[in-house]
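start-v8.tsv (TSV, N, CA and C atoms)
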chain	number	residue	atom	x	y	z
A	1	MET	N	130.52	108.59	94.73
A	1	MET	CA	129.36	109.40	94.49
A	1	MET	C	128.95	109.33	93.02
A	2	GLU	N	129.94	109.29	92.11
A	2	GLU	CA	129.62	109.19	90.69
A	2	GLU	C	128.97	107.85	90.40
A	3	GLY	N	129.37	106.84	91.14
A	3	GLY	CA	128.79	105.52	90.95
A	3	GLY	C	127.31	105.50	91.29
A	4	LEU	N	126.92	106.26	92.28
A	4	LEU	CA	125.51	106.32	92.64
A	4	LEU	C	124.72	107.00	91.54
A	5	PHE	N	125.25	108.08	90.98
A	5	PHE	CA	124.55	108.77	89.90
A	5	PHE	C	124.43	107.89	88.67
A	6	GLU	N	125.49	107.14	88.35
A	6	GLU	CA	125.43	106.23	87.22
A	6	GLU	C	124.42	105.12	87.48
A	7	GLY	N	124.36	104.67	88.72
A	7	GLY	CA	123.40	103.62	89.06
A	7	GLY	C	121.96	104.13	89.05
A	8	LEU	N	121.77	105.36	89.47
A	8	LEU	CA	120.42	105.92	89.51
A	8	LEU	C	119.89	106.22	88.12
A	9	GLY	N	120.62	106.99	87.39
A	9	GLY	CA	120.17	107.37	86.06
A	9	GLY	C	119.19	108.53	86.12
A	10	ALA	N	118.93	109.09	84.97
A	10	ALA	CA	118.04	110.25	84.89
A	10	ALA	C	116.60	109.89	85.21
A	11	ALA	N	116.17	108.71	84.81
A	11	ALA	CA	114.79	108.31	85.07
A	11	ALA	C	114.51	108.21	86.58
A	12	ALA	N	115.48	107.68	87.31
A	12	ALA	CA	115.29	107.56	88.76
A	12	ALA	C	115.24	108.93	89.42
A	13	LEU	N	116.01	109.88	88.93
A	13	LEU	CA	115.95	111.24	89.49
A	13	LEU	C	114.60	111.88	89.22
A	14	ILE	N	114.04	111.63	88.05
A	14	ILE	CA	112.72	112.17	87.74
A	14	ILE	C	111.67	111.52	88.64
A	15	ILE	N	111.78	110.22	88.85
A	15	ILE	CA	110.84	109.54	89.73
A	15	ILE	C	110.99	110.05	91.17
A	16	LEU	N	112.22	110.29	91.61
A	16	LEU	CA	112.44	110.87	92.94
A	16	LEU	C	111.79	112.25	93.04
A	17	ALA	N	111.90	113.04	92.00
A	17	ALA	CA	111.27	114.37	92.01
A	17	ALA	C	109.76	114.25	92.11
A	18	ILE	N	109.19	113.29	91.40
A	18	ILE	CA	107.73	113.10	91.46
A	18	ILE	C	107.30	112.64	92.84
A	19	VAL	N	108.06	111.74	93.45
A	19	VAL	CA	107.76	111.28	94.81
A	19	VAL	C	107.83	112.45	95.79
A	20	GLY	N	108.88	113.27	95.66
A	20	GLY	CA	109.02	114.43	96.53
A	20	GLY	C	107.91	115.45	96.34
A	21	LEU	N	107.51	115.65	95.08
A	21	LEU	CA	106.38	116.55	94.82
A	21	LEU	C	105.11	116.05	95.50
A	22	ALA	N	104.88	114.75	95.43
A	22	ALA	CA	103.69	114.17	96.06
A	22	ALA	C	103.74	114.32	97.58
A	23	VAL	N	104.89	114.03	98.16
A	23	VAL	CA	105.02	114.16	99.62
A	23	VAL	C	104.81	115.60	100.05
A	24	GLY	N	105.41	116.54	99.34
A	24	GLY	CA	105.26	117.95	99.67
A	24	GLY	C	103.84	118.44	99.47
A	25	TRP	N	103.18	118.00	98.40
A	25	TRP	CA	101.82	118.42	98.14
A	25	TRP	C	100.88	117.92	99.23
A	26	VAL	N	101.06	116.66	99.64
A	26	VAL	CA	100.22	116.11	100.71
A	26	VAL	C	100.46	116.87	102.02
A	27	ALA	N	101.71	117.20	102.31
A	27	ALA	CA	102.01	117.96	103.53
A	27	ALA	C	101.36	119.34	103.47
A	28	GLY	N	101.41	119.98	102.31
A	28	GLY	CA	100.78	121.28	102.16
A	28	GLY	C	99.27	121.20	102.30
A	29	ALA	N	98.68	120.13	101.76
A	29	ALA	CA	97.24	119.95	101.86
A	29	ALA	C	96.81	119.67	103.30
A	30	MET	N	97.64	118.91	104.03
A	30	MET	CA	97.30	118.57	105.41
A	30	MET	C	97.41	119.78	106.33
A	31	THR	N	98.36	120.65	106.06
A	31	THR	CA	98.56	121.80	106.93
A	31	THR	C	97.78	123.02	106.50
A	32	GLY	N	97.25	122.99	105.28
A	32	GLY	CA	96.51	124.13	104.78
A	32	GLY	C	97.42	125.27	104.34
A	33	ARG	N	98.68	124.97	104.14
A	33	ARG	CA	99.65	125.98	103.71
A	33	ARG	C	99.87	125.88	102.21
A	34	SER	N	100.89	126.54	101.74
A	34	SER	CA	101.21	126.58	100.32
A	34	SER	C	101.62	125.20	99.82
A	35	LYS	N	100.75	124.59	99.02
A	35	LYS	CA	101.05	123.26	98.48
A	35	LYS	C	102.23	123.31	97.51
A	36	ALA	N	102.31	124.38	96.72
A	36	ALA	CA	103.38	124.48	95.73
A	36	ALA	C	104.74	124.61	96.41
A	37	LEU	N	104.84	125.41	97.45
A	37	LEU	CA	106.10	125.59	98.16
A	37	LEU	C	106.56	124.27	98.78
A	38	TYR	N	105.66	123.59	99.46
A	38	TYR	CA	106.02	122.32	100.07
A	38	TYR	C	106.35	121.26	99.02
A	39	ALA	N	105.69	121.31	97.87
A	39	ALA	CA	105.98	120.35	96.80
A	39	ALA	C	107.39	120.56	96.25
A	40	VAL	N	107.78	121.81	96.06
A	40	VAL	CA	109.13	122.09	95.57
A	40	VAL	C	110.18	121.68	96.60
A	41	ILE	N	109.93	122.00	97.85
A	41	ILE	CA	110.87	121.61	98.91
A	41	ILE	C	110.97	120.09	98.99
A	42	GLY	N	109.84	119.41	98.89
A	42	GLY	CA	109.84	117.95	98.93
A	42	GLY	C	110.59	117.33	97.77
A	43	ALA	N	110.44	117.91	96.57
A	43	ALA	CA	111.14	117.38	95.40
A	43	ALA	C	112.65	117.53	95.53
A	44	VAL	N	113.08	118.70	95.98
A	44	VAL	CA	114.52	118.92	96.16
A	44	VAL	C	115.08	117.99	97.24
A	45	ALA	N	114.35	117.85	98.33
A	45	ALA	CA	114.82	116.98	99.41
A	45	ALA	C	114.86	115.52	98.99
A	46	ALA	N	113.86	115.08	98.24
A	46	ALA	CA	113.83	113.68	97.79
A	46	ALA	C	114.99	113.38	96.85
A	47	MET	N	115.35	114.34	96.00
A	47	MET	CA	116.46	114.11	95.08
A	47	MET	C	117.81	114.22	95.80
A	48	ALA	N	117.90	115.01	96.85
A	48	ALA	CA	119.17	115.21	97.54
A	48	ALA	C	119.46	114.12	98.57
A	49	THR	N	118.46	113.49	99.12
A	49	THR	CA	118.66	112.52	100.20
A	49	THR	C	119.55	111.34	99.80
A	50	PRO	N	119.34	110.68	98.66
A	50	PRO	CA	120.25	109.57	98.30
A	50	PRO	C	121.70	110.02	98.13
A	51	PHE	N	121.90	111.21	97.58
A	51	PHE	CA	123.26	111.72	97.40
A	51	PHE	C	123.90	112.06	98.75
A	52	LEU	N	123.11	112.60	99.65
A	52	LEU	CA	123.61	112.92	100.99
A	52	LEU	C	124.01	111.64	101.72
A	53	LEU	N	123.20	110.62	101.63
A	53	LEU	CA	123.53	109.35	102.28
A	53	LEU	C	124.76	108.71	101.65
A	54	ALA	N	124.90	108.81	100.33
A	54	ALA	CA	126.09	108.27	99.67
A	54	ALA	C	127.34	109.03	100.10
A	55	ALA	N	127.22	110.33	100.27
A	55	ALA	CA	128.37	111.12	100.72
A	55	ALA	C	128.74	110.78	102.16
A	56	LEU	N	127.77	110.35	102.95
A	56	LEU	CA	128.04	109.95	104.33
A	56	LEU	C	128.56	108.53	104.43
A	57	GLY	N	128.57	107.81	103.32
A	57	GLY	CA	129.16	106.47	103.31
A	57	GLY	C	128.17	105.34	103.41
A	58	VAL	N	126.90	105.60	103.24
A	58	VAL	CA	125.90	104.54	103.26
A	58	VAL	C	125.91	103.88	101.89
A	59	THR	N	126.59	102.74	101.78
A	59	THR	CA	126.74	102.08	100.49
A	59	THR	C	125.64	101.07	100.21
A	60	ALA	N	124.90	100.67	101.21
A	60	ALA	CA	123.84	99.69	101.00
A	60	ALA	C	122.70	100.27	100.19
A	61	LEU	N	122.63	101.58	100.10
A	61	LEU	CA	121.56	102.23	99.36
A	61	LEU	C	121.63	101.90	97.88
A	62	ALA	N	122.81	101.92	97.31
A	62	ALA	CA	122.98	101.63	95.88
A	62	ALA	C	122.67	100.16	95.59
A	63	ALA	N	122.95	99.28	96.51
A	63	ALA	CA	122.70	97.86	96.30
A	63	ALA	C	121.23	97.50	96.52
A	64	GLY	N	120.48	98.38	97.17
A	64	GLY	CA	119.09	98.09	97.48
A	64	GLY	C	118.13	98.23	96.32
A	65	GLY	N	118.55	98.87	95.28
A	65	GLY	CA	117.70	99.02	94.11
A	65	GLY	C	116.88	100.29	94.13
A	66	LEU	N	116.10	100.44	93.09
A	66	LEU	CA	115.31	101.66	92.90
A	66	LEU	C	114.24	101.82	93.97
A	67	LEU	N	113.62	100.74	94.39
A	67	LEU	CA	112.56	100.84	95.39
A	67	LEU	C	113.09	101.38	96.71
A	68	LEU	N	114.24	100.91	97.14
A	68	LEU	CA	114.83	101.41	98.38
A	68	LEU	C	115.20	102.88	98.24
A	69	ILE	N	115.73	103.27	97.09
A	69	ILE	CA	116.09	104.67	96.87
A	69	ILE	C	114.84	105.55	96.92
A	70	LEU	N	113.73	105.08	96.35
A	70	LEU	CA	112.50	105.85	96.37
A	70	LEU	C	111.94	105.98	97.79
A	71	VAL	N	112.02	104.91	98.56
A	71	VAL	CA	111.55	104.96	99.95
A	71	VAL	C	112.40	105.94	100.75
A	72	VAL	N	113.71	105.88	100.58
A	72	VAL	CA	114.61	106.79	101.29
A	72	VAL	C	114.35	108.23	100.86
A	73	GLY	N	114.11	108.45	99.57
A	73	GLY	CA	113.80	109.78	99.08
A	73	GLY	C	112.51	110.31	99.68
A	74	ALA	N	111.49	109.47	99.77
A	74	ALA	CA	110.22	109.89	100.36
A	74	ALA	C	110.38	110.21	101.84
A	75	ILE	N	111.13	109.40	102.55
A	75	ILE	CA	111.36	109.66	103.97
A	75	ILE	C	112.15	110.94	104.16
A	76	GLY	N	113.17	111.14	103.33
A	76	GLY	CA	113.96	112.37	103.41
A	76	GLY	C	113.12	113.60	103.11
A	77	ALA	N	112.25	113.51	102.11
A	77	ALA	CA	111.38	114.63	101.78
A	77	ALA	C	110.42	114.94	102.93
A	78	ALA	N	109.86	113.90	103.53
A	78	ALA	CA	108.94	114.09	104.65
A	78	ALA	C	109.64	114.74	105.84
A	79	ILE	N	110.86	114.32	106.11
A	79	ILE	CA	111.60	114.90	107.23
A	79	ILE	C	111.91	116.37	106.98
A	80	VAL	N	112.37	116.69	105.77
A	80	VAL	CA	112.71	118.09	105.47
A	80	VAL	C	111.47	118.97	105.47
A	81	VAL	N	110.36	118.48	104.92
A	81	VAL	CA	109.12	119.26	104.93
A	81	VAL	C	108.65	119.47	106.36
A	82	ALA	N	108.77	118.46	107.20
A	82	ALA	CA	108.38	118.61	108.61
A	82	ALA	C	109.28	119.61	109.33
A	83	LEU	N	110.57	119.59	109.02
A	83	LEU	CA	111.48	120.56	109.63
A	83	LEU	C	111.16	121.99	109.19
A	84	ILE	N	110.87	122.16	107.91
A	84	ILE	CA	110.47	123.48	107.41
A	84	ILE	C	109.19	123.94	108.08
A	85	ARG	N	108.26	123.04	108.23
A	85	ARG	CA	106.98	123.38	108.89
A	85	ARG	C	107.21	123.75	110.34
A	86	ALA	N	108.11	123.05	111.03
A	86	ALA	CA	108.39	123.35	112.43
A	86	ALA	C	109.09	124.70	112.58
A	87	ILE	N	109.97	125.01	111.66
A	87	ILE	CA	110.70	126.28	111.72
A	87	ILE	C	109.75	127.44	111.38
A	88	LYS	N	108.91	127.23	110.39
A	88	LYS	CA	108.01	128.28	109.94
A	88	LYS	C	106.88	128.43	110.92
Mind converting the file's structure to C-alpha coordinates?
Amino acid sequence: MEGLFEGLGAAALIILAIVGLAVGWVAGAMTGRSKALYAVIGAVAAMATPFLLAALGVTALAAGGLLLILVVGAIGAAIVVALIRAIK
(Lines of atoms letter the chains of each structure in order from A and count residues from 1; the text may use other names and numbers.)
(Lines give C-alpha, C1' and ligand atoms only; values in the text may rest on other atoms or scores of the structure.)
Protein backbone atom coordinates (compact mmCIF):
# COMPACT_ATOMS: atom_id res chain seq x y z
CA MET A 1 0.00 0.00 0.00
CA GLU A 2 2.88 2.38 0.75
CA GLY A 3 4.28 1.58 -2.66
CA LEU A 4 1.11 2.82 -4.30
CA PHE A 5 1.25 6.11 -2.40
CA GLU A 6 4.90 6.57 -3.33
CA GLY A 7 4.05 5.82 -6.93
CA LEU A 8 1.09 8.18 -6.97
CA GLY A 9 2.60 11.18 -5.29
CA ALA A 10 0.86 14.28 -4.05
CA ALA A 11 0.23 15.67 -7.53
CA ALA A 12 -1.70 12.57 -8.56
CA LEU A 13 -3.87 12.79 -5.44
CA ILE A 14 -4.68 16.41 -6.26
CA ILE A 15 -5.56 15.44 -9.83
CA LEU A 16 -7.75 12.60 -8.49
CA ALA A 17 -9.53 15.11 -6.25
CA ILE A 18 -10.15 17.40 -9.21
CA VAL A 19 -11.49 14.51 -11.30
CA GLY A 20 -13.78 13.49 -8.44
CA LEU A 21 -14.98 17.06 -7.99
CA ALA A 22 -15.85 17.22 -11.68
CA VAL A 23 -17.70 13.90 -11.63
CA GLY A 24 -19.65 14.90 -8.53
CA TRP A 25 -20.47 18.35 -9.88
CA VAL A 26 -21.78 16.90 -13.15
CA ALA A 27 -23.89 14.38 -11.22
CA GLY A 28 -25.31 17.17 -9.06
CA ALA A 29 -26.06 19.27 -12.12
CA MET A 30 -27.77 16.36 -13.88
CA THR A 31 -29.96 15.50 -10.92
CA GLY A 32 -30.69 19.06 -9.87
CA ARG A 33 -29.44 18.32 -6.36
CA SER A 34 -26.66 19.82 -4.28
CA LYS A 35 -23.67 20.14 -6.60
CA ALA A 36 -21.30 20.89 -3.72
CA LEU A 37 -22.30 17.79 -1.75
CA TYR A 38 -21.91 15.50 -4.74
CA ALA A 39 -18.60 17.16 -5.65
CA VAL A 40 -17.17 16.49 -2.18
CA ILE A 41 -18.42 12.90 -2.21
CA GLY A 42 -16.96 12.41 -5.69
CA ALA A 43 -13.57 13.81 -4.65
CA VAL A 44 -13.33 11.56 -1.61
CA ALA A 45 -14.41 8.52 -3.61
CA ALA A 46 -11.98 9.24 -6.45
CA MET A 47 -9.07 9.51 -4.02
CA ALA A 48 -10.09 6.40 -2.06
CA THR A 49 -10.74 4.06 -5.00
CA PRO A 50 -7.08 3.40 -6.00
CA PHE A 51 -6.17 2.72 -2.36
CA LEU A 52 -9.15 0.40 -1.94
CA LEU A 53 -8.18 -1.56 -5.04
CA ALA A 54 -4.56 -1.78 -3.86
CA ALA A 55 -5.75 -3.10 -0.50
CA LEU A 56 -7.79 -5.73 -2.33
CA GLY A 57 -4.68 -6.86 -4.19
CA VAL A 58 -5.15 -5.29 -7.61
CA THR A 59 -1.50 -4.71 -8.48
CA ALA A 60 -1.96 -3.92 -12.17
CA LEU A 61 -3.26 -0.50 -11.19
CA ALA A 62 0.16 0.78 -10.12
CA ALA A 63 1.76 -0.51 -13.32
CA GLY A 64 -0.90 1.11 -15.50
CA GLY A 65 0.30 4.63 -14.91
CA LEU A 66 -1.41 7.85 -14.01
CA LEU A 67 -4.01 7.69 -16.77
CA LEU A 68 -5.32 4.32 -15.59
CA ILE A 69 -5.43 5.56 -12.00
CA LEU A 70 -7.42 8.63 -13.08
CA VAL A 71 -9.88 6.51 -15.05
CA VAL A 72 -10.35 4.16 -12.09
CA GLY A 73 -10.80 7.14 -9.78
CA ALA A 74 -13.44 8.64 -12.06
CA ILE A 75 -15.31 5.34 -12.30
CA GLY A 76 -15.13 4.88 -8.53
CA ALA A 77 -16.44 8.40 -7.96
CA ALA A 78 -19.30 7.86 -10.39
CA ILE A 79 -20.28 4.59 -8.71
CA VAL A 80 -20.23 6.08 -5.21
CA VAL A 81 -22.19 9.17 -6.29
CA ALA A 82 -24.76 6.92 -7.98
CA LEU A 83 -25.04 4.80 -4.83
CA ILE A 84 -25.54 7.90 -2.69
CA ARG A 85 -28.18 9.14 -5.13
CA ALA A 86 -29.96 5.77 -5.04
CA ILE A 87 -29.94 5.68 -1.24
CA LYS A 88 -31.05 9.29 -0.90
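Interatomic distance, CA of Val23 (chain A) against CA of Gly57 (chain A): 25.6 Å.
Distances to Gly24 (chain A) were evaluated for A:Ala60, A:Val81, A:Ala12, A:Ala55 using all atoms listed in the file, and the minimum falls at A:Val81.
Here the residues that fall within 12 Å of (108.2, 117.8, 108.1), using only C-alpha atoms, are given as A:Val23, A:Gly24, A:Trp25, A:Val26, A:Ala27, A:Gly28, A:Met30, A:Thr31, A:Tyr38, A:Ala39, A:Ile41, A:Gly42, A:Ala45, A:Ala74, A:Ile75, A:Gly76, A:Ala77, A:Ala78, A:Ile79, A:Val80, A:Val81, A:Ala82, A:Leu83, A:Ile84, A:Arg85, A:Ala86, A:Ile87, A:Lys88.
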Applying 12 Å and only C-alpha atoms, which residues near Val71 (chain A) remain after dropping the ones on its own chain fewer than 5 positions away? List them as a PDB file with N, CA and C atoms, keeping the file's coordinate frame.
ATOM      1  N   ILE A  15     111.780 110.220  88.850  1.00  0.00           N
ATOM      2  CA  ILE A  15     110.840 109.540  89.730  1.00  0.00           C
ATOM      3  C   ILE A  15     110.990 110.050  91.170  1.00  0.00           C
ATOM      4  N   LEU A  16     112.220 110.290  91.610  1.00  0.00           N
ATOM      5  CA  LEU A  16     112.440 110.870  92.940  1.00  0.00           C
ATOM      6  C   LEU A  16     111.790 112.250  93.040  1.00  0.00           C
ATOM      7  N   VAL A  19     108.060 111.740  93.450  1.00  0.00           N
ATOM      8  CA  VAL A  19     107.760 111.280  94.810  1.00  0.00           C
ATOM      9  C   VAL A  19     107.830 112.450  95.790  1.00  0.00           C
ATOM     10  N   GLY A  20     108.880 113.270  95.660  1.00  0.00           N
ATOM     11  CA  GLY A  20     109.020 114.430  96.530  1.00  0.00           C
ATOM     12  C   GLY A  20     107.910 115.450  96.340  1.00  0.00           C
ATOM     13  N   VAL A  23     104.890 114.030  98.160  1.00  0.00           N
ATOM     14  CA  VAL A  23     105.020 114.160  99.620  1.00  0.00           C
ATOM     15  C   VAL A  23     104.810 115.600 100.050  1.00  0.00           C
ATOM     16  N   ALA A  46     113.860 115.080  98.240  1.00  0.00           N
ATOM     17  CA  ALA A  46     113.830 113.680  97.790  1.00  0.00           C
ATOM     18  C   ALA A  46     114.990 113.380  96.850  1.00  0.00           C
ATOM     19  N   MET A  47     115.350 114.340  96.000  1.00  0.00           N
ATOM     20  CA  MET A  47     116.460 114.110  95.080  1.00  0.00           C
ATOM     21  C   MET A  47     117.810 114.220  95.800  1.00  0.00           C
ATOM     22  N   THR A  49     118.460 113.490  99.120  1.00  0.00           N
ATOM     23  CA  THR A  49     118.660 112.520 100.200  1.00  0.00           C
ATOM     24  C   THR A  49     119.550 111.340  99.800  1.00  0.00           C
ATOM     25  N   PRO A  50     119.340 110.680  98.660  1.00  0.00           N
ATOM     26  CA  PRO A  50     120.250 109.570  98.300  1.00  0.00           C
ATOM     27  C   PRO A  50     121.700 110.020  98.130  1.00  0.00           C
ATOM     28  N   LEU A  61     122.630 101.580 100.100  1.00  0.00           N
ATOM     29  CA  LEU A  61     121.560 102.230  99.360  1.00  0.00           C
ATOM     30  C   LEU A  61     121.630 101.900  97.880  1.00  0.00           C
ATOM     31  N   GLY A  64     120.480  98.380  97.170  1.00  0.00           N
ATOM     32  CA  GLY A  64     119.090  98.090  97.480  1.00  0.00           C
ATOM     33  C   GLY A  64     118.130  98.230  96.320  1.00  0.00           C
ATOM     34  N   GLY A  65     118.550  98.870  95.280  1.00  0.00           N
ATOM     35  CA  GLY A  65     117.700  99.020  94.110  1.00  0.00           C
ATOM     36  C   GLY A  65     116.880 100.290  94.130  1.00  0.00           C
ATOM     37  N   LEU A  66     116.100 100.440  93.090  1.00  0.00           N
ATOM     38  CA  LEU A  66     115.310 101.660  92.900  1.00  0.00           C
ATOM     39  C   LEU A  66     114.240 101.820  93.970  1.00  0.00           C
ATOM     40  N   GLY A  76     113.170 111.140 103.330  1.00  0.00           N
ATOM     41  CA  GLY A  76     113.960 112.370 103.410  1.00  0.00           C
ATOM     42  C   GLY A  76     113.120 113.600 103.110  1.00  0.00           C
ATOM     43  N   ALA A  77     112.250 113.510 102.110  1.00  0.00           N
ATOM     44  CA  ALA A  77     111.380 114.630 101.780  1.00  0.00           C
ATOM     45  C   ALA A  77     110.420 114.940 102.930  1.00  0.00           C
ATOM     46  N   ALA A  78     109.860 113.900 103.530  1.00  0.00           N
ATOM     47  CA  ALA A  78     108.940 114.090 104.650  1.00  0.00           C
ATOM     48  C   ALA A  78     109.640 114.740 105.840  1.00  0.00           C
TER      49      ALA A  78
END
Inset, instruction - Tell me, in Å to one decimal, how far atom C of Ala54 (chain A) is from atom C of Gly73 (chain A). - result: 14.9 Å
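Separating CA of Gly9 (chain A) from CA of Leu37 (chain A) is a distance of 26.0 Å.
Of the listed residues (A:Leu67, A:Leu21, A:Ala10, A:Val72), A:Leu21 comes nearest to Val44 (chain A); the distances count only N, CA and C atoms.
Backbone DSSP over region 43-75 of chain A yields helix (DSSP H, G or I) at Ala43, Val44, Ala45, Ala46, Met47, Ala48, Thr49, Pro50, Phe51, Leu52, Leu53, Ala54, Ala55, Ala60, Leu61, Ala62, Ala63, Gly65, Leu66, Leu67, Leu68, Ile69, Leu70, Val71, Val72, Gly73, Ala74 and Ile75 of chain A.
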